[in-house]
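This is data_3.cif (mmCIF, C-alpha atoms and all ligand atoms).
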```cif
data_input
#
loop_
_atom_site.label_atom_id
_atom_site.label_comp_id
_atom_site.auth_asym_id
_atom_site.auth_seq_id
_atom_site.Cartn_x
_atom_site.Cartn_y
_atom_site.Cartn_z
CA MET A 394 45.62 -16.93 1.81
CA ARG A 395 45.72 -13.52 0.13
CA THR A 396 43.31 -11.86 -2.28
CA GLN A 397 42.53 -8.34 -3.44
CA VAL A 398 38.97 -8.05 -2.12
CA VAL A 399 37.16 -10.15 0.49
CA ILE A 400 33.41 -9.99 0.00
CA ILE A 401 31.33 -10.96 3.01
CA GLY A 402 27.96 -12.43 2.04
CA ALA A 403 26.80 -14.35 -1.06
CA GLY A 404 23.45 -12.59 -1.47
CA PRO A 405 22.69 -10.55 -4.59
CA ALA A 406 25.04 -7.70 -3.50
CA GLY A 407 28.05 -9.94 -2.83
CA LEU A 408 27.59 -12.18 -5.86
CA THR A 409 27.07 -9.25 -8.23
CA LEU A 410 30.10 -7.40 -6.87
CA GLY A 411 32.11 -10.61 -7.27
CA ARG A 412 31.03 -10.86 -10.88
CA LEU A 413 31.83 -7.21 -11.68
CA LEU A 414 35.30 -7.52 -10.14
CA GLU A 415 35.99 -10.85 -11.82
CA ARG A 416 35.22 -9.33 -15.22
CA ALA A 417 37.69 -6.53 -14.48
CA GLY A 418 40.41 -9.02 -13.53
CA ILE A 419 40.29 -8.24 -9.80
CA ASP A 420 40.55 -11.25 -7.46
CA ALA A 421 37.87 -11.63 -4.84
CA VAL A 422 36.90 -14.33 -2.38
CA ILE A 423 33.32 -14.52 -1.10
CA LEU A 424 32.72 -15.74 2.46
CA GLU A 425 29.14 -16.86 3.17
CA ARG A 426 27.89 -18.02 6.54
CA ARG A 427 25.17 -20.29 5.12
CA SER A 428 25.12 -23.10 2.56
CA ALA A 429 24.32 -22.30 -1.08
CA ASP A 430 21.02 -24.20 -0.77
CA TYR A 431 20.00 -22.18 2.25
CA VAL A 432 20.69 -18.91 0.41
CA LEU A 433 18.64 -20.16 -2.56
CA GLY A 434 15.76 -21.21 -0.31
CA ARG A 435 15.03 -17.65 0.86
CA ILE A 436 11.98 -16.28 -0.93
CA ARG A 437 12.38 -12.54 -1.25
CA ALA A 438 12.17 -9.92 -3.96
CA GLY A 439 10.36 -10.23 -7.25
CA VAL A 440 10.70 -6.93 -9.13
CA LEU A 441 13.75 -5.74 -11.07
CA GLU A 442 14.17 -2.15 -12.21
CA GLN A 443 15.20 -1.61 -15.81
CA SER A 444 18.74 -0.68 -14.76
CA SER A 445 19.02 -3.92 -12.75
CA VAL A 446 17.94 -5.87 -15.83
CA GLU A 447 20.58 -4.03 -17.86
CA LEU A 448 23.25 -4.73 -15.23
CA LEU A 449 22.51 -8.47 -15.25
CA ASP A 450 22.74 -8.46 -19.06
CA GLU A 451 26.00 -6.53 -18.92
CA ILE A 452 27.67 -9.02 -16.56
CA GLY A 453 26.56 -11.97 -18.69
CA VAL A 454 23.92 -13.49 -16.44
CA GLY A 455 20.78 -12.14 -18.13
CA GLU A 456 20.00 -14.97 -20.54
CA ARG A 457 17.51 -16.96 -18.43
CA MET A 458 15.94 -13.75 -17.08
CA ARG A 459 15.28 -12.60 -20.65
CA LYS A 460 13.58 -15.96 -21.39
CA GLU A 461 11.66 -16.59 -18.18
CA GLY A 462 11.22 -13.10 -16.68
CA ILE A 463 7.95 -11.26 -17.29
CA PRO A 464 8.22 -7.59 -18.34
CA HIS A 465 5.52 -5.41 -16.76
CA ASP A 466 4.46 -2.06 -18.19
CA GLY A 467 2.61 -0.94 -15.06
CA VAL A 468 1.08 -1.76 -11.66
CA GLU A 469 -2.40 -1.51 -10.21
CA LEU A 470 -3.27 0.28 -6.99
CA SER A 471 -6.48 -0.45 -5.13
CA PHE A 472 -8.00 1.70 -2.39
CA ASP A 473 -10.95 0.19 -0.55
CA GLY A 474 -11.60 -1.75 -3.76
CA ASP A 475 -11.32 1.19 -6.19
CA MET A 476 -8.73 0.37 -8.84
CA LEU A 477 -6.15 2.66 -10.47
CA ARG A 478 -3.62 1.52 -13.05
CA ILE A 479 -0.24 3.27 -13.21
CA ASP A 480 1.03 2.81 -16.77
CA PHE A 481 4.83 3.25 -16.61
CA GLN A 482 5.26 2.72 -20.30
CA ASP A 483 2.76 5.41 -21.26
CA LEU A 484 3.84 7.82 -18.50
CA ILE A 485 7.62 7.67 -18.82
CA GLY A 486 8.47 4.96 -21.37
CA ARG A 487 9.95 2.54 -18.83
CA LYS A 488 9.06 -0.88 -17.43
CA VAL A 489 10.11 -3.38 -14.77
CA MET A 490 10.83 -7.11 -14.91
CA ILE A 491 9.28 -9.82 -12.76
CA TYR A 492 12.06 -12.29 -12.01
CA GLY A 493 12.56 -13.70 -8.51
CA GLN A 494 15.57 -12.94 -6.36
CA THR A 495 16.03 -16.71 -5.99
CA GLU A 496 16.48 -17.00 -9.77
CA VAL A 497 18.85 -14.02 -9.95
CA THR A 498 20.91 -15.57 -7.14
CA LYS A 499 20.98 -18.95 -8.87
CA ASP A 500 22.14 -17.41 -12.17
CA LEU A 501 24.91 -15.51 -10.36
CA MET A 502 25.98 -18.61 -8.41
CA ASP A 503 26.07 -20.73 -11.58
CA ALA A 504 28.18 -18.14 -13.40
CA ARG A 505 30.57 -17.94 -10.45
CA ALA A 506 30.90 -21.73 -10.25
CA ALA A 507 31.52 -21.94 -14.02
CA SER A 508 34.34 -19.40 -13.85
CA GLY A 509 36.02 -21.08 -10.89
CA ALA A 510 35.94 -17.98 -8.68
CA VAL A 511 36.18 -18.86 -4.99
CA THR A 512 33.10 -18.81 -2.73
CA ILE A 513 33.48 -20.30 0.72
CA TYR A 514 30.07 -21.39 2.02
CA LYS A 515 29.42 -22.30 5.65
CA ALA A 516 32.18 -19.94 6.79
CA GLY A 517 31.62 -19.54 10.54
CA ASP A 518 32.66 -16.81 13.00
CA VAL A 519 33.68 -14.36 10.28
CA SER A 520 35.57 -11.43 11.81
CA LEU A 521 37.06 -8.27 10.27
CA HIS A 522 40.46 -6.87 11.30
CA ASP A 523 42.68 -3.85 10.63
CA PHE A 524 40.47 -2.26 7.97
CA GLY A 525 41.50 1.15 9.32
CA GLY A 526 45.04 0.54 7.98
CA ALA A 527 46.59 -0.64 4.73
CA SER A 528 46.47 -4.41 5.40
CA PRO A 529 43.01 -5.63 6.37
CA LYS A 530 42.39 -9.26 7.28
CA VAL A 531 39.31 -11.43 7.56
CA ARG A 532 39.24 -14.50 9.79
CA TYR A 533 36.72 -17.32 9.70
CA VAL A 534 36.27 -20.93 10.74
CA LYS A 535 35.68 -23.65 8.18
CA ASP A 536 35.25 -27.32 9.13
CA GLY A 537 36.45 -26.54 12.64
CA VAL A 538 39.69 -24.91 11.43
CA SER A 539 40.44 -21.16 11.87
CA ARG A 540 41.68 -19.42 8.74
CA GLU A 541 42.77 -15.93 7.72
CA ILE A 542 42.65 -14.05 4.42
CA ALA A 543 44.80 -10.96 3.92
CA CYS A 544 43.38 -8.45 1.44
CA ASP A 545 43.39 -4.86 0.16
CA PHE A 546 39.67 -4.19 0.73
CA ILE A 547 36.67 -5.70 2.48
CA ALA A 548 33.17 -5.41 1.05
CA GLY A 549 30.48 -5.88 3.70
CA CYS A 550 27.61 -7.38 1.69
CA ASP A 551 26.27 -9.44 4.58
CA GLY A 552 22.75 -8.10 4.89
CA SER A 553 20.93 -6.43 7.75
CA HIS A 554 22.13 -8.79 10.49
CA GLY A 555 25.69 -9.25 9.22
CA VAL A 556 28.99 -8.82 11.01
CA SER A 557 30.41 -5.99 8.86
CA ARG A 558 28.38 -3.03 10.12
CA SER A 559 28.68 -4.19 13.72
CA SER A 560 32.49 -4.42 13.35
CA VAL A 561 32.71 -0.66 12.93
CA PRO A 562 33.41 1.25 16.17
CA GLU A 563 30.11 2.58 17.50
CA ASP A 564 31.18 6.22 17.39
CA ALA A 565 32.21 5.97 13.71
CA VAL A 566 28.78 5.09 12.34
CA GLN A 567 25.34 6.58 12.77
CA THR A 568 22.16 4.69 11.99
CA PHE A 569 18.80 6.25 11.19
CA GLU A 570 15.97 3.83 11.74
CA ARG A 571 12.21 3.57 11.66
CA VAL A 572 10.49 0.36 12.77
CA TYR A 573 6.92 -0.08 11.51
CA PRO A 574 4.35 -1.62 13.86
CA PHE A 575 3.53 -4.37 11.34
CA GLY A 576 4.98 -7.00 9.04
CA TRP A 577 4.10 -8.80 5.81
CA LEU A 578 2.84 -12.35 5.89
CA GLY A 579 3.79 -13.85 2.51
CA VAL A 580 2.50 -16.97 0.81
CA LEU A 581 3.86 -18.69 -2.29
CA VAL A 582 1.39 -20.86 -4.23
CA ASP A 583 1.48 -22.86 -7.45
CA LYS A 584 -1.55 -21.19 -9.03
CA PRO A 585 -1.70 -18.60 -11.83
CA PRO A 586 -1.58 -14.97 -10.62
CA VAL A 587 -4.94 -13.28 -10.05
CA ALA A 588 -4.05 -10.50 -12.53
CA ASP A 589 -1.48 -9.80 -15.24
CA GLU A 590 0.13 -7.03 -13.18
CA LEU A 591 0.91 -6.53 -9.50
CA ILE A 592 -1.90 -5.17 -7.32
CA TYR A 593 -0.98 -3.03 -4.29
CA ALA A 594 -4.11 -2.75 -2.15
CA HIS A 595 -4.98 -0.44 0.71
CA HIS A 596 -7.96 -1.57 2.76
CA GLN A 597 -9.16 -0.61 6.21
CA ARG A 598 -8.36 -4.17 7.29
CA GLY A 599 -4.76 -3.55 6.17
CA PHE A 600 -2.48 -3.69 3.14
CA ALA A 601 -2.39 -6.58 0.66
CA LEU A 602 -0.18 -7.31 -2.36
CA CYS A 603 -0.80 -9.67 -5.27
CA SER A 604 2.48 -10.51 -6.96
CA MET A 605 3.90 -13.41 -8.94
CA ARG A 606 6.98 -15.40 -9.83
CA SER A 607 5.76 -16.85 -13.16
CA HIS A 608 2.53 -17.47 -15.07
CA THR A 609 1.87 -20.46 -12.82
CA ARG A 610 3.30 -19.36 -9.46
CA SER A 611 1.91 -16.50 -7.37
CA ARG A 612 3.17 -14.58 -4.37
CA TYR A 613 0.67 -12.87 -2.07
CA TYR A 614 1.16 -10.76 1.05
CA VAL A 615 -1.08 -9.33 3.76
CA GLN A 616 -0.12 -6.79 6.43
CA VAL A 617 -0.15 -8.35 9.91
CA ASP A 618 0.57 -6.87 13.33
CA ALA A 619 4.18 -6.94 14.54
CA GLY A 620 4.71 -10.04 16.62
CA GLU A 621 2.18 -12.21 14.72
CA LYS A 622 3.21 -15.85 14.32
CA VAL A 623 2.98 -17.82 11.07
CA GLU A 624 1.35 -20.69 13.02
CA ALA A 625 -1.66 -18.45 13.67
CA TRP A 626 -2.23 -18.22 9.91
CA PRO A 627 -3.35 -21.53 8.40
CA ASP A 628 -3.90 -21.24 4.63
CA GLY A 629 -7.67 -20.80 4.95
CA ARG A 630 -7.33 -17.78 7.20
CA PHE A 631 -4.75 -16.23 4.87
CA TRP A 632 -6.93 -16.58 1.75
CA ASP A 633 -10.02 -15.22 3.56
CA GLU A 634 -8.08 -12.19 4.75
CA LEU A 635 -6.53 -11.55 1.33
CA ARG A 636 -9.92 -11.75 -0.40
CA ALA A 637 -11.45 -9.34 2.12
CA ARG A 638 -8.85 -6.69 1.25
CA LEU A 639 -9.21 -6.86 -2.55
CA ASN A 640 -11.70 -5.46 -5.02
CA PRO A 641 -14.62 -7.99 -5.04
CA ASP A 642 -14.20 -8.89 -8.74
CA VAL A 643 -10.50 -9.52 -8.20
CA ALA A 644 -11.23 -11.52 -5.05
CA GLU A 645 -13.63 -13.71 -6.99
CA ARG A 646 -10.97 -14.53 -9.60
CA LEU A 647 -8.36 -15.46 -6.97
CA GLN A 648 -7.17 -19.06 -7.35
CA THR A 649 -6.03 -20.52 -4.05
CA GLY A 650 -4.16 -23.69 -3.16
CA PRO A 651 -1.83 -25.13 -0.54
CA SER A 652 0.97 -22.70 0.33
CA ILE A 653 4.45 -23.90 -0.63
CA GLU A 654 6.13 -21.24 1.50
CA LYS A 655 4.79 -18.98 4.22
CA SER A 656 6.77 -16.46 6.26
CA ILE A 657 6.50 -13.11 8.03
CA ALA A 658 8.90 -10.25 7.32
CA PRO A 659 8.99 -7.29 9.74
CA LEU A 660 9.05 -3.88 8.07
CA ARG A 661 11.64 -1.24 8.80
CA SER A 662 13.65 1.56 7.27
CA LEU A 663 17.33 1.98 8.16
CA VAL A 664 20.27 3.92 6.78
CA ALA A 665 23.85 3.74 8.04
CA GLU A 666 26.16 6.74 7.57
CA PRO A 667 28.86 6.75 6.34
CA LEU A 668 29.33 3.61 4.22
CA ARG A 669 33.11 3.56 4.08
CA PHE A 670 35.47 3.00 7.01
CA GLY A 671 39.06 3.01 5.76
CA ARG A 672 39.23 -0.11 3.61
CA LEU A 673 35.81 -1.48 4.55
CA PHE A 674 32.70 -0.65 2.50
CA LEU A 675 29.07 -1.46 3.26
CA ALA A 676 26.70 -2.31 0.40
CA GLY A 677 23.14 -3.62 -0.01
CA ASP A 678 21.09 -4.49 3.06
CA ALA A 679 24.22 -4.14 5.23
CA ALA A 680 24.09 -0.42 4.38
CA HIS A 681 20.36 0.27 4.31
CA ILE A 682 16.96 -1.39 4.68
CA VAL A 683 13.69 -0.32 3.09
CA PRO A 684 10.21 -1.69 3.71
CA PRO A 685 9.39 -3.93 0.71
CA THR A 686 6.43 -1.78 -0.43
CA GLY A 687 8.41 0.01 -3.16
CA ALA A 688 10.20 -3.19 -4.32
CA LYS A 689 13.53 -1.42 -3.90
CA GLY A 690 15.86 -3.46 -1.64
CA LEU A 691 17.36 -5.75 -4.24
CA ASN A 692 17.63 -2.94 -6.77
CA MET A 693 19.46 -0.71 -4.27
CA ALA A 694 21.93 -3.52 -3.67
CA PHE A 695 22.70 -3.64 -7.41
CA HIS A 696 23.20 0.13 -7.53
CA ASP A 697 25.60 0.10 -4.58
CA VAL A 698 27.84 -2.62 -5.93
CA ARG A 699 27.97 -1.09 -9.38
CA ILE A 700 29.34 2.11 -7.81
CA LEU A 701 31.67 0.15 -5.52
CA ALA A 702 33.02 -1.93 -8.40
CA GLU A 703 33.67 1.22 -10.45
CA ALA A 704 35.59 2.70 -7.51
CA LEU A 705 37.71 -0.42 -6.97
CA ILE A 706 38.43 -0.79 -10.68
CA GLU A 707 39.54 2.86 -10.77
CA HIS A 708 41.84 2.19 -7.80
CA TYR A 709 43.57 -0.77 -9.44
CA ALA A 710 43.52 0.39 -13.08
CA GLU A 711 44.17 4.11 -12.69
CA LYS A 712 45.78 4.28 -9.24
CA SER A 713 43.12 6.86 -8.31
CA ASP A 714 41.11 6.78 -5.08
CA ALA A 715 38.60 9.42 -6.21
CA GLY A 716 35.87 6.79 -6.63
CA ILE A 717 36.62 5.21 -3.28
CA ASP A 718 36.50 8.61 -1.58
CA ALA A 719 33.17 9.42 -3.23
CA TYR A 720 31.55 6.00 -2.62
CA SER A 721 29.71 6.83 0.58
CA SER A 722 28.27 10.16 -0.53
CA ARG A 723 27.27 8.87 -3.99
CA VAL A 724 25.42 5.89 -2.56
CA LEU A 725 23.81 7.85 0.27
CA ALA A 726 22.46 10.57 -2.03
CA ARG A 727 20.46 8.01 -3.96
CA THR A 728 19.66 5.88 -0.92
CA TRP A 729 17.78 8.65 0.86
CA LYS A 730 15.59 9.32 -2.18
CA THR A 731 14.74 5.64 -2.38
CA GLU A 732 14.11 5.52 1.37
CA ARG A 733 11.70 8.41 0.90
CA PHE A 734 9.79 6.63 -1.86
CA SER A 735 9.57 3.35 0.08
CA TRP A 736 8.35 5.22 3.16
CA TRP A 737 5.77 7.10 1.05
CA MET A 738 4.38 3.92 -0.57
CA THR A 739 4.27 2.29 2.86
CA SER A 740 2.48 5.28 4.41
CA LEU A 741 -0.11 5.45 1.62
CA LEU A 742 -0.98 1.78 1.54
CA HIS A 743 -0.85 0.45 5.12
CA THR A 744 -3.09 0.99 8.10
CA PHE A 745 -1.31 2.42 11.14
CA PRO A 746 -2.54 2.07 14.72
CA GLU A 747 -2.24 5.84 15.20
CA THR A 748 -4.12 6.71 11.98
CA GLY A 749 -7.47 8.06 13.07
CA PRO A 750 -10.30 9.11 10.75
CA PHE A 751 -8.33 12.21 9.71
CA GLY A 752 -5.33 10.14 8.65
CA ARG A 753 -7.50 7.79 6.60
CA ARG A 754 -9.11 10.72 4.79
CA ILE A 755 -5.60 11.99 3.98
CA GLN A 756 -4.66 8.56 2.59
CA ARG A 757 -7.83 8.59 0.48
CA ALA A 758 -7.02 12.12 -0.74
CA GLU A 759 -3.54 10.97 -1.72
CA PHE A 760 -5.06 8.12 -3.75
CA ASP A 761 -7.62 10.46 -5.39
CA TYR A 762 -4.86 12.93 -6.21
CA LEU A 763 -2.85 10.15 -7.86
CA ALA A 764 -5.92 9.10 -9.82
CA SER A 765 -6.47 12.64 -11.10
CA SER A 766 -2.93 13.89 -11.71
CA ARG A 767 -0.63 12.73 -14.45
CA ALA A 768 2.22 14.56 -12.71
CA ALA A 769 1.65 12.52 -9.54
CA GLN A 770 1.52 9.30 -11.55
CA GLU A 771 4.72 10.21 -13.38
CA SER A 772 6.44 10.72 -10.04
CA LEU A 773 5.32 7.28 -8.85
CA ALA A 774 6.37 5.70 -12.16
CA GLU A 775 9.77 7.39 -12.11
CA ASN A 776 10.50 6.19 -8.59
CA TYR A 777 9.07 2.67 -8.99
CA THR A 778 10.97 1.93 -12.19
CA GLY A 779 14.14 3.36 -10.63
CA LEU A 780 15.77 6.75 -10.21
CA PRO A 781 18.92 7.44 -12.21
CA GLY A 782 22.34 7.53 -10.62
P1 LIG A 801 21.12 -10.52 1.61
O1 LIG A 801 20.31 -11.07 0.49
O2 LIG A 801 20.53 -10.53 2.96
O3 LIG A 801 22.50 -11.32 1.62
C1 LIG A 801 23.43 -11.20 2.66
C2 LIG A 801 24.20 -12.50 2.76
O4 LIG A 801 25.18 -12.38 3.79
C3 LIG A 801 25.19 -13.56 4.56
N1 LIG A 801 25.73 -13.26 5.89
C4 LIG A 801 26.98 -13.59 6.29
N2 LIG A 801 27.99 -14.19 5.65
C5 LIG A 801 29.14 -14.39 6.36
N3 LIG A 801 29.30 -13.98 7.65
C6 LIG A 801 28.31 -13.36 8.31
N4 LIG A 801 28.48 -12.97 9.57
C7 LIG A 801 27.09 -13.15 7.63
N5 LIG A 801 25.92 -12.56 7.99
C8 LIG A 801 25.12 -12.64 6.93
C9 LIG A 801 23.74 -14.00 4.57
O5 LIG A 801 23.60 -15.39 4.88
C10 LIG A 801 23.30 -13.66 3.16
O6 LIG A 801 23.47 -14.72 2.26
O7 LIG A 801 21.58 -9.02 1.33
P2 LIG A 801 21.95 -8.27 -0.07
O8 LIG A 801 22.86 -9.13 -0.90
O9 LIG A 801 22.34 -6.91 0.32
O10 LIG A 801 20.57 -8.25 -0.88
C11 LIG A 801 19.50 -7.47 -0.44
C12 LIG A 801 18.17 -8.13 -0.80
O11 LIG A 801 18.20 -9.48 -0.38
C13 LIG A 801 16.98 -7.40 -0.16
O12 LIG A 801 17.17 -6.01 -0.20
C14 LIG A 801 15.64 -7.71 -0.89
O13 LIG A 801 15.30 -9.05 -0.74
C15 LIG A 801 14.53 -6.82 -0.35
N6 LIG A 801 13.21 -7.15 -0.93
C16 LIG A 801 12.86 -6.69 -2.19
N7 LIG A 801 13.73 -5.98 -2.93
C17 LIG A 801 13.39 -5.58 -4.20
O14 LIG A 801 14.20 -4.93 -4.85
N8 LIG A 801 12.18 -5.90 -4.78
C18 LIG A 801 11.26 -6.62 -4.10
O15 LIG A 801 10.22 -6.94 -4.68
C19 LIG A 801 11.56 -7.02 -2.75
N9 LIG A 801 10.69 -7.75 -2.04
C20 LIG A 801 12.30 -7.91 -0.20
C21 LIG A 801 11.03 -8.19 -0.79
C22 LIG A 801 12.61 -8.41 1.06
C23 LIG A 801 11.67 -9.15 1.76
N10 LIG A 801 12.06 -9.63 3.03
C24 LIG A 801 12.03 -10.99 3.38
C25 LIG A 801 12.78 -8.75 3.92
C26 LIG A 801 10.09 -8.93 -0.11
C27 LIG A 801 10.40 -9.39 1.18
C28 LIG A 801 9.32 -10.15 1.89
C1 LIG A 802 7.32 -9.93 -4.43
O1 LIG A 802 6.90 -10.41 -5.48
O2 LIG A 802 7.82 -10.64 -3.53
C2 LIG A 802 7.21 -8.47 -4.20
C3 LIG A 802 6.76 -7.66 -5.23
C4 LIG A 802 6.64 -6.29 -5.02
C5 LIG A 802 6.99 -5.75 -3.80
C6 LIG A 802 7.46 -6.57 -2.79
C7 LIG A 802 7.57 -7.93 -2.99
O3 LIG A 802 6.85 -4.42 -3.61
#
```

Could you take the file, read its structure, and then write that structure out as structure tokens?
Amino acid sequence: MRTQVVIIGAGPAGLTLGRLLERAGIDAVILERRSADYVLGRIRAGVLEQSSVELLDEIGVGERMRKEGIPHDGVELSFDGDMLRIDFQDLIGRKVMIYGQTEVTKDLMDARAASGAVTIYKAGDVSLHDFGGASPKVRYVKDGVSREIACDFIAGCDGSHGVSRSSVPEDAVQTFERVYPFGWLGVLVDKPPVADELIYAHHQRGFALCSMRSHTRSRYYVQVDAGEKVEAWPDGRFWDELRARLNPDVAERLQTGPSIEKSIAPLRSLVAEPLRFGRLFLAGDAAHIVPPTGAKGLNMAFHDVRILAEALIEHYAEKSDAGIDAYSSRVLARTWKTERFSWWMTSLLHTFPETGPFGRRIQRAEFDYLASSRAAQESLAENYTGLPG
């Protein structure tokens, strides 16, 4: 088989890139290790930046999001129970959209199926070849049979544990990483959210987040030590811990029920440099990871593939490689700013084993400064709703 672009991974990055290329008349095949149902079963992000919303509209998959998504004008922060609302709309005239990654993925998959574009699910042993030269190839195994696709470019959209980044010779890529000594234990429950907006809570017992997927389905998280097991957290223990970390009035309003999903995500920051290796590009979680505190991972993936699609379209339509040559530096410039914001939100809101009484006072001072400074709030709002570029 031959195609113009092989995309590895059918997560949000791969599917969105596929859609952008398809609309520009560029052929692409997506290879995904898992089944479509497995991909749709992963409960992940919930917050879309305004530019992500606009991108989904632009590529013709925004209809259901516009109907079912919930626009939010702000978020609430809580520090040892003291509440502070950050009003994005008032501060900078922007907002975000609550619409689950699962739903975005489903809309993209449906659009791809309707247009007949090729996605090969359950593609095993995917391997990348010859991307340093002019004729890259990707091999995989499907139903026990080895196959090969020849292509012009490979897009590595296969997430943090994918094969693309690890196919690059070790001395050609540098990774910058920070592993946090904790994770997030998340619970999904069919009960109305405790508040109209998200609540990010710092408490001396640890961080907590009240989020949602709809007016009847809520998503809650509590910070747990690295290495904790889900089995150690029956529902009752989770709800008790969440309540203990919230403002008492909020805790009293919390509606609990049996969890319909429960999982632990470790937190880390990682950036790979560069993001282009000949005819291979890395995008989304394959290129960088952020802790989920700033709600940025999914949005970064959209930004990357928009820039990558522009570069590939320029290559085919204008026979210019300027976009391709600039891909890595353009993406990295924005990535590091978003890494900084995610690290800052994480540092403000979590408890760290090494944070002594001095560190806690500094966290409190940071919160008090935010509460008293419109400039500080504008900075948070600008970053949370999405930096330009
Ligand atoms: P994905 O979604 O991981 O998709 C990669 C796909 O590649 C496949 N794959 C392979 N396919 C073929 N061959 C191989 N060898 C392969 N190896 C892997 C995988 O099966 C998968 O289908 O990466 P992508 O597309 O870059 O998308 C990134 C986002 O998924 C991620 O950044 C976000 O979920 C992060 N994130 C959040 N982002 C936000 O913008 N807002 C949020 O509110 C938010 N909350 C979160 C989050 C991530 C979380 N976890 C679980 C880490 C909350 C959590 C708890
Ligand atoms: C979520 O709803 O899953 C969510 C929301 C905000 C975050 C992270 C996750 O910062």

Q.
Can you pull out every residue with an atom within 7 Å of ligand LIG 802 (chain A)? Use all atoms listed in the file and format it as a PyMOL selection string.
A. chain A and resi 437-440+604-606+612+685-688

Legend entry - Point-to-point distance in Å for CA of Ser611 (chain A) and CA of Leu581 (chain A):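 CA of Ser611 (chain A) lies 5.9 Å from CA of Leu581 (chain A).
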
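Counting only C-alpha atoms, the residue from A:Pro659, A:Gly690, A:Gly434, A:Gly404 that sits nearest to Arg571 (chain A) is A:Pro659.
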
Close residues, region 461-469 of chain A itself excluded, 9 Å, only C-alpha atoms, min 4 positions apart in chain, as a ChimeraX atom specification | /A:456-457,476-483,486-493,589-594,606-608,774

Return as a PyMOL selection string every polymer residue, whether protein, DNA or RNA, with at least one atom no more than 6 Å from an atom of ligand LIG 801 (chain A); count all atoms listed in the file. chain A and resi 401-407+424-427+432+437-440+519+550-552+554-556+658+677-679+685+688-692+694

Please report, as lines of an AutoDock Vina configuration file, the centre and edge lengths in Å to one decimal of an axis-aligned box covering all listed atoms of region 671-690 of chain A with 3 Å per side.
```
center_x = 22.8
center_y = -0.7
center_z = 0.7
size_x = 38.8
size_y = 13.5
size_z = 16.1
```

How far is it from CA of Thr495 (chain A) to CA of Ile436 (chain A), in Å with one decimal?
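Taking CA of Thr495 (chain A) as the start and CA of Ile436 (chain A) as the end point, the length is 6.5 Å.
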
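Within the 6 Å cut-off around Ile542 (chain A), using only C-alpha atoms and omitting residues fewer than 6 positions from it on the same chain, the listed residues are A:Met394, A:Arg395, A:Lys530, A:Val531.
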
Can you measure CA of Val724 (chain A) to CA of Ala548 (chain A) for me? One decimal in Å is fine.
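Result for CA of Val724 (chain A) versus CA of Ala548 (chain A): 14.2 Å, one decimal.
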
- request: Identify, on the basis of all atoms listed in the file, every residue whose closest approach to Trp577 (chain A) does not exceed 8 Å; exclude the query and any residue fewer than 5 positions from it along the same chain; express the result as number ranges by chain.
  value: A: 614-617, 657-660

Counting all atoms listed in the file, closest pick from A:Tyr762, A:Gly411, A:Arg558, A:Gly579 relative to Leu701 (chain A) is A:Gly411

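Among the candidates A:Leu675, A:Cys544, A:Leu663, A:Ala507, the one nearest to Leu410 (chain A) when counting all atoms listed in the file is A:Leu675.
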
- Query: For His696 (chain A), which residue out of A:Tyr720, A:Phe670, A:Tyr613, A:Phe575 is the nearest one, using only C-alpha atoms?
  - Reply: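 Ranked by minimum distance to His696 (chain A), first place goes to A:Tyr720.
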
Nearest to Ala719 (chain A), restricted to all atoms listed in the file and choosing among A:Leu705, A:Val643, A:Ile547, A:Val561, comes out as A:Leu705
